[in-house]
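Peer 1: One structure follows; several queries about it will come next.
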Amino acid sequence: MALLSADPCPAGEFNLILASDQLALQVHEPCGHPTELDRVLGTEISYAGGSFLTLDKLGKYRYSSDIVNIVADPTVPGSIGSFGYDDEGVPAQRTHLLQEGILVGYLTSRKMAPEIGRRSNGCMRAESWNHIPLIRMVNINLEPAPDGPTLDELIADTEHGIFMQTNKSWSIDDLRLNFQFSCEIAWEIKNGRKKRLLKNPVYTGITPEFWRSCDAICLSSEWKIWGLPNCGKGEPTQTMHVAHGTAPARFRKVRIGSGK
């Protein structure tokens, strides 16, 4: 009800704080999908799309700022993206995709892992017994910062910005490079305090530019894993359970506006 009389989100460049739930989608779309090795090699391009994280970037491409670490970890207890073995019999295991901001790994299968000189990290899964296994996301998690702030401390450290929460819609290109996401609700931050309630907030960016602007991630007490039961991929389409663990984070000078 409060949103009915809230001001539209202002347009311009702002420091942006994303709540943990919205950040889960920010990990899923521009981080999880482009690290699927079958997409990188072009085998899913007719439906799911390709990836800007091509093989020449492995081990040297700066995807994000150095505080960002993203892992694939299907061993997280209680998550819908967890399991014991994938459908090729490879044990669940924790694998870095980004380490201190550098692309260091992909989601792989027994067939495709040799393309990068490695063994499968156990991401080959099928929706059911009568579907062909595909490389699928598992728990793709943004690691919390060991000495990071709480969310309240992060807001207090932000002189002027926007805090957004709860996804409303999203759009992203086939390579997972250019995106636009909108949220249900936002608040303007002034002098370290949440002030005006805002409606229809939208932010947009280019994936590596956006993640390179990340200058703060909250600590582990703010970290939560969010289940996503309907990730689609393949022809015919398969639906898979995945999940993303995140803590709120701040991004500098993000393009923000208001949707309809």
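In the structure tokens, each chain is lettered A, B, ... as it comes, each chain's residues begin at 1, and ligands are numbered from 1 in order of appearance.
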Could you tell me, as a VMD selection string, which residues of stretch 173-224 of chain A DSSP assigns to helix (DSSP H, G or I) when given the backbone?
Peer 2: chain A and resid 207 to 212 220 to 222
Peer 1: Neighbouring residues of stretch 219-227 of chain A were defined as those with any atom within 10 Å, considering only C-alpha atoms; residues of the same chain fewer than 2 positions away were excluded. Please report them as a PyMOL selection string.
Peer 2: chain A and resi 19-25+76+78-81+139-151+216-217+229-230+241-249
Peer 1: Go ahead and dump the residues you just picked, N, CA and C atoms, as a short mmCIF file (atom, residue, chain, number, x, y, z; two decimals), in the first residue's frame.
Peer 2:
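Below you can see again35.cif, which holds the result:
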data_model
loop_
_atom_site.label_atom_id
_atom_site.label_comp_id
_atom_site.auth_asym_id
_atom_site.auth_seq_id
_atom_site.Cartn_x
_atom_site.Cartn_y
_atom_site.Cartn_z
N ALA A 19 19.86 -5.87 -2.05
CA ALA A 19 19.53 -6.82 -1.00
C ALA A 19 19.92 -8.22 -1.44
N SER A 20 20.03 -9.11 -0.48
CA SER A 20 20.49 -10.48 -0.76
C SER A 20 19.61 -11.19 -1.78
N ASP A 21 18.29 -11.00 -1.73
CA ASP A 21 17.40 -11.71 -2.66
C ASP A 21 17.59 -11.25 -4.09
N GLN A 22 17.72 -9.94 -4.31
CA GLN A 22 17.94 -9.44 -5.66
C GLN A 22 19.33 -9.80 -6.17
N LEU A 23 20.29 -9.82 -5.27
CA LEU A 23 21.65 -10.17 -5.68
C LEU A 23 21.74 -11.63 -6.13
N ALA A 24 20.83 -12.47 -5.62
CA ALA A 24 20.80 -13.86 -6.08
C ALA A 24 20.52 -13.94 -7.58
N LEU A 25 19.59 -13.11 -8.07
CA LEU A 25 19.33 -13.07 -9.51
C LEU A 25 20.51 -12.48 -10.27
N VAL A 76 26.27 -27.58 -0.12
CA VAL A 76 25.67 -26.75 0.92
C VAL A 76 24.48 -27.49 1.54
N GLY A 78 20.99 -28.53 2.95
CA GLY A 78 19.63 -28.02 2.94
C GLY A 78 19.22 -27.21 1.73
N SER A 79 20.10 -27.02 0.76
CA SER A 79 19.77 -26.20 -0.41
C SER A 79 19.17 -27.06 -1.52
N ILE A 80 18.25 -26.48 -2.29
CA ILE A 80 17.65 -27.24 -3.40
C ILE A 80 18.62 -27.42 -4.56
N GLY A 81 19.76 -26.73 -4.54
CA GLY A 81 20.78 -26.93 -5.56
C GLY A 81 21.86 -27.92 -5.15
N ASN A 139 24.53 -24.82 -6.71
CA ASN A 139 24.53 -23.63 -5.86
C ASN A 139 25.68 -22.73 -6.32
N ILE A 140 25.35 -21.61 -6.95
CA ILE A 140 26.36 -20.65 -7.38
C ILE A 140 26.32 -19.51 -6.38
N ASN A 141 27.38 -19.40 -5.57
CA ASN A 141 27.34 -18.54 -4.39
C ASN A 141 28.37 -17.42 -4.45
N LEU A 142 27.92 -16.22 -4.10
CA LEU A 142 28.82 -15.10 -3.86
C LEU A 142 29.30 -15.20 -2.42
N GLU A 143 30.59 -15.37 -2.22
CA GLU A 143 31.12 -15.53 -0.88
C GLU A 143 30.99 -14.24 -0.08
N PRO A 144 30.59 -14.32 1.19
CA PRO A 144 30.56 -13.12 2.03
C PRO A 144 31.98 -12.64 2.32
N ALA A 145 32.10 -11.37 2.66
CA ALA A 145 33.42 -10.82 3.00
C ALA A 145 33.76 -11.15 4.44
N PRO A 146 34.93 -11.73 4.71
CA PRO A 146 35.28 -12.12 6.09
C PRO A 146 35.21 -10.95 7.08
N ASP A 147 35.64 -9.79 6.65
CA ASP A 147 35.63 -8.61 7.52
C ASP A 147 34.65 -7.55 7.01
N GLY A 148 33.60 -8.01 6.32
CA GLY A 148 32.66 -7.08 5.72
C GLY A 148 31.73 -6.45 6.74
N PRO A 149 30.93 -5.48 6.30
CA PRO A 149 29.99 -4.81 7.19
C PRO A 149 28.68 -5.58 7.30
N THR A 150 27.88 -5.23 8.29
CA THR A 150 26.48 -5.63 8.28
C THR A 150 25.75 -4.76 7.27
N LEU A 151 24.51 -5.11 6.95
CA LEU A 151 23.74 -4.28 6.03
C LEU A 151 23.55 -2.89 6.60
N ALA A 216 31.95 -3.35 -1.85
CA ALA A 216 31.67 -3.83 -0.50
C ALA A 216 30.69 -5.00 -0.56
N ILE A 217 30.97 -6.03 0.22
CA ILE A 217 30.08 -7.18 0.39
C ILE A 217 29.92 -7.41 1.88
N PRO A 229 13.56 -22.72 -8.25
CA PRO A 229 13.11 -24.05 -8.68
C PRO A 229 12.81 -24.19 -10.16
N ASN A 230 13.02 -23.14 -10.95
CA ASN A 230 12.51 -23.19 -12.33
C ASN A 230 13.50 -22.65 -13.36
N HIS A 241 16.28 -27.35 -10.41
CA HIS A 241 16.42 -26.66 -9.13
C HIS A 241 17.86 -26.18 -8.98
N VAL A 242 18.04 -24.88 -8.76
CA VAL A 242 19.35 -24.31 -8.47
C VAL A 242 19.20 -23.38 -7.28
N ALA A 243 20.30 -22.82 -6.81
CA ALA A 243 20.22 -21.90 -5.67
C ALA A 243 21.44 -20.99 -5.68
N HIS A 244 21.32 -19.88 -4.95
CA HIS A 244 22.39 -18.88 -4.90
C HIS A 244 22.49 -18.30 -3.50
N GLY A 245 23.68 -18.40 -2.93
CA GLY A 245 23.94 -17.80 -1.63
C GLY A 245 24.57 -16.43 -1.82
N THR A 246 24.01 -15.44 -1.14
CA THR A 246 24.50 -14.07 -1.28
C THR A 246 24.34 -13.30 0.02
N ALA A 247 25.14 -12.29 0.18
CA ALA A 247 24.97 -11.26 1.20
C ALA A 247 24.85 -9.93 0.47
N PRO A 248 24.16 -8.94 1.03
CA PRO A 248 24.02 -7.65 0.34
C PRO A 248 25.37 -7.07 -0.06
N ALA A 249 25.38 -6.33 -1.17
CA ALA A 249 26.62 -5.76 -1.68
C ALA A 249 26.35 -4.39 -2.28
#
Peer 1: For A:Trp170, work out the shell of residues within 10 Å, counting only C-alpha atoms and skipping chain neighbours fewer than 2 positions away, then give it as number ranges by chain.
Peer 2: A: 25-26, 29, 167-168, 172, 179-183, 202-204
Peer 1: For the residues in that selection, give me C-alpha atoms as a tab-separated table (two decimals), in the first residue's frame.
Peer 2:
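Saved to selection_18.tsv:
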chain	number	residue	atom	x	y	z
A	25	LEU	CA	19.33	-13.07	-9.51
A	26	GLN	CA	22.35	-10.89	-10.27
A	29	GLU	CA	21.91	-14.49	-14.86
A	167	ASN	CA	12.98	-8.73	-8.12
A	168	LYS	CA	10.18	-7.63	-10.43
A	172	ILE	CA	19.57	-9.85	-20.50
A	179	PHE	CA	21.25	-6.45	-18.66
A	180	GLN	CA	18.37	-4.49	-17.16
A	181	PHE	CA	16.69	-5.53	-13.90
A	182	SER	CA	13.79	-3.95	-12.04
A	183	CYS	CA	12.76	-4.38	-8.41
A	202	VAL	CA	15.32	-0.09	-12.51
A	203	TYR	CA	19.07	-0.54	-12.87
A	204	THR	CA	21.08	-1.43	-15.95
Peer 1: What is the atom CA of A:Met124 to atom CA of A:Ser109 distance in Å?
Peer 2: 5.5 Å
Peer 1: Taking only C-alpha atoms into account, name the residue in A:Ile162, A:Val138, A:Leu37, A:Ile155 that is nearest to A:Leu107.
Peer 2: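 Distance minimum relative to A:Leu107 lands on A:Leu37.
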